[in-house]
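Undergrad: Encoded as structure tokens, here's the structure I'll be asking about.
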Amino acid sequence: MKYRHSFHAGNFADVHKHVTLLALISALQRKDKGFLYLETHAGRGAYDISTPNADAAGGIGRLGGAPPAAAEIAAYLALLGRLRAQLKQRHLYPGSPLLALASLRPQDRAVLVELQGSEVNALKHALADYAQAHAPAPATQVERGDGYARLRAWLPPPERRGLTFIDPPYEQTGEDFTAVTQALAEGLRRFPTGIMAAWYPIKDERTTNAWLQACRRALTVPLLVSELWLFPRDSRVALNGSGLLIANPPHPILGHMQLWLPQLQAALSGAPAAGSRALMLAD
Ligand SMILES: C[S@@+](CC[C@H](N)C(=O)[O-])C[C@H]1O[C@@H](n2cnc3c(N)ncnc32)[C@H](O)[C@@H]1O
């Protein structure tokens, strides 16, 4: 596998997925009872974006000036600022494990799965740095393994409350789309009331739509689609847009998303071809 998320950290897709991830965690925390945060493709947890990186410049770099007003975007930027200050790293871009961990309460816990040994080691270092700067950190297990397979071991959680986040590299685009559909189906079969969120790239319309329809047929729970694109959805740019399919979305999130998503898109690109949508694919 060649994929290294370092080359893309902080890009517009990271911004989209991480604002949404924090909103999902916040929705789960409206109840006191703890939950499991399970991440199947964790990455290295922390990225240095000090060297000029076009991906980050077109993502998090665009939110520096006058950021959008939506509470969910403000919460994401506040957490980013807090982590940079706590870890004393001005150019840190926190990955999803670090953002999630910094949001979890003592009664919540995290399981983070990553396949590549170098990324697992870096993730452990990032989490140790965080724990040192911010003890006590919530209970966390890091596992080296295949996230798709390990999902079966961790679901359902004894808490009976959980958020599973699936964020593969899509190096083998078709294979990852199929594996994600199967992982969602298996996860929901084991834990029908759990929230599951899967990220997907928008590269060409036919693939995206065919996959969404396959998920609608295979999954029998409410499904929310959140998409943000900066380039024509069907163009030959490598990554035109970022999508999240959310199974069992917490109730008020769609309405909030329909407010924050257009704000996020406008901040990331004013190009006429850019756009966003948030809708229920299945109720
Ligand atoms: C897009 S990155 C994850 C980024 C991270 N979720 C974030 O938002 O900060 C995808 C990661 O999945 C890892 N990976 C690839 N195949 C995997 C598998 N089958 N199981 C677990 N991890 C895998 C890659 O090594 C890479 O670190």
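Each chain in the structure tokens gets a letter, A, B and so on, in the order shown; residues start at 1 in every chain, and ligands are counted from 1 in the order they appear.
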Show which residues sit within 12 Å of A:Val113, as a PyMOL selection string. Count only C-alpha atoms, and ignore same-chain residues fewer than 5 positions away.
TA: chain A and resi 37-45+96-97+119-121+123-124+140-151+153-154+164-168
Undergrad: Where in stretch 136-211 of chain A does DSSP assign strand (DSSP E or B), given as a ChimeraX atom specification?
TA: /A:139-144,162-166,195-202
Undergrad: Counting only C-alpha atoms, which residue out of A:Gly275, A:Pro67, A:Pro201, A:Pro192 sits closest to A:Gly243?
TA: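 With only C-alpha atoms as the atom set, the closest residue is A:Pro201.
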Undergrad: Based on the backbone DSSP call, show me all residues of stretch 29-100 of chain A assigned helix (DSSP H, G or I), as a count of residues only.
TA: 29
Undergrad: Between A:Ala135, A:Arg62, A:Tyr200, A:Ala185, single out the one closest to A:Glu171, counting only C-alpha atoms.
TA: A:Tyr200
Undergrad: Considering only C-alpha atoms, can you say which of A:Arg82, A:Gly270, A:His251, A:Arg161 comes closest to A:Ala133?
TA: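 Distance minimum relative to A:Ala133 lands on A:Arg82.
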Undergrad: Quick one: everything within 8 Å of stretch 257-268 of chain A, counting only C-alpha atoms, minus sequence neighbours fewer than 4 positions away in the same chain. Send it as a list in words.
TA: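 Contacts, in chain order: Phe12, His16, Gly58, Gly59, Arg62, Leu63, Pro67, Pro68, Ala69, Ala70, Ala71, Glu72, Ile73, Ser226, Leu228, Trp229, Leu230, Ile253, Ala274, Gly275, Ser276, Arg277 and Ala278 of chain A.
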Undergrad: So which residues touch A:Leu92 within 6 Å, counting only C-alpha atoms, skipping near sequence neighbours fewer than 4 positions away, as a list in words?
TA: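 The contact residues come out as Tyr47, Asp48 and Arg84 of chain A.
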Undergrad: Quick one: of A:Leu98, A:Met280, A:Leu83, A:Leu22, who's nearest to ligand 1, counting only C-alpha atoms and all ligand atoms?
TA: A:Leu98
Undergrad: Near A:Pro136, within 12 Å and counting only C-alpha atoms, which residues show up once chain neighbours fewer than 2 positions away are dropped, as a PyMOL selection string?
TA: chain A and resi 101-102+104-107+127-134+138-140
Undergrad: Keeping only C-alpha atoms, write the selected residues to a file as a short mmCIF file (atom, residue, chain, number, x, y, z; two decimals), in the first residue's frame.
TA:
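Writing done, so here's again.cif:
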```cif
data_model
loop_
_atom_site.label_atom_id
_atom_site.label_comp_id
_atom_site.auth_asym_id
_atom_site.auth_seq_id
_atom_site.Cartn_x
_atom_site.Cartn_y
_atom_site.Cartn_z
CA LEU A 101 -10.34 11.70 21.62
CA ALA A 102 -10.21 15.37 22.52
CA LEU A 104 -14.74 12.20 24.34
CA ARG A 105 -15.85 12.29 27.98
CA PRO A 106 -14.52 10.01 30.74
CA GLN A 107 -17.48 7.65 30.27
CA LEU A 127 -1.88 9.85 21.54
CA ALA A 128 0.91 9.71 24.14
CA ASP A 129 1.72 13.38 23.47
CA TYR A 130 -1.94 14.22 23.86
CA ALA A 131 -2.28 12.24 27.08
CA GLN A 132 0.78 14.01 28.51
CA ALA A 133 -0.61 17.42 27.64
CA HIS A 134 -4.13 16.59 28.70
CA PRO A 138 -10.41 8.71 27.76
CA ALA A 139 -9.87 4.93 27.61
CA THR A 140 -8.36 4.16 24.21
#
```
Undergrad: I need the residue nearest ligand 1 from this list: A:Gln89, A:Gln182, A:Ser118, A:Thr51. Use only C-alpha atoms and all ligand atoms for the distance.
TA: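 Of the candidates, the smallest distance to ligand 1 is held by A:Ser118.
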Undergrad: From the set A:Asn11, A:Gln213, A:Thr193, A:Ser235, which residue has the shortest atom-to-atom contact distance to A:Asn248, counting only C-alpha atoms?
TA: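 Closest to A:Asn248, using only C-alpha atoms: A:Thr193.
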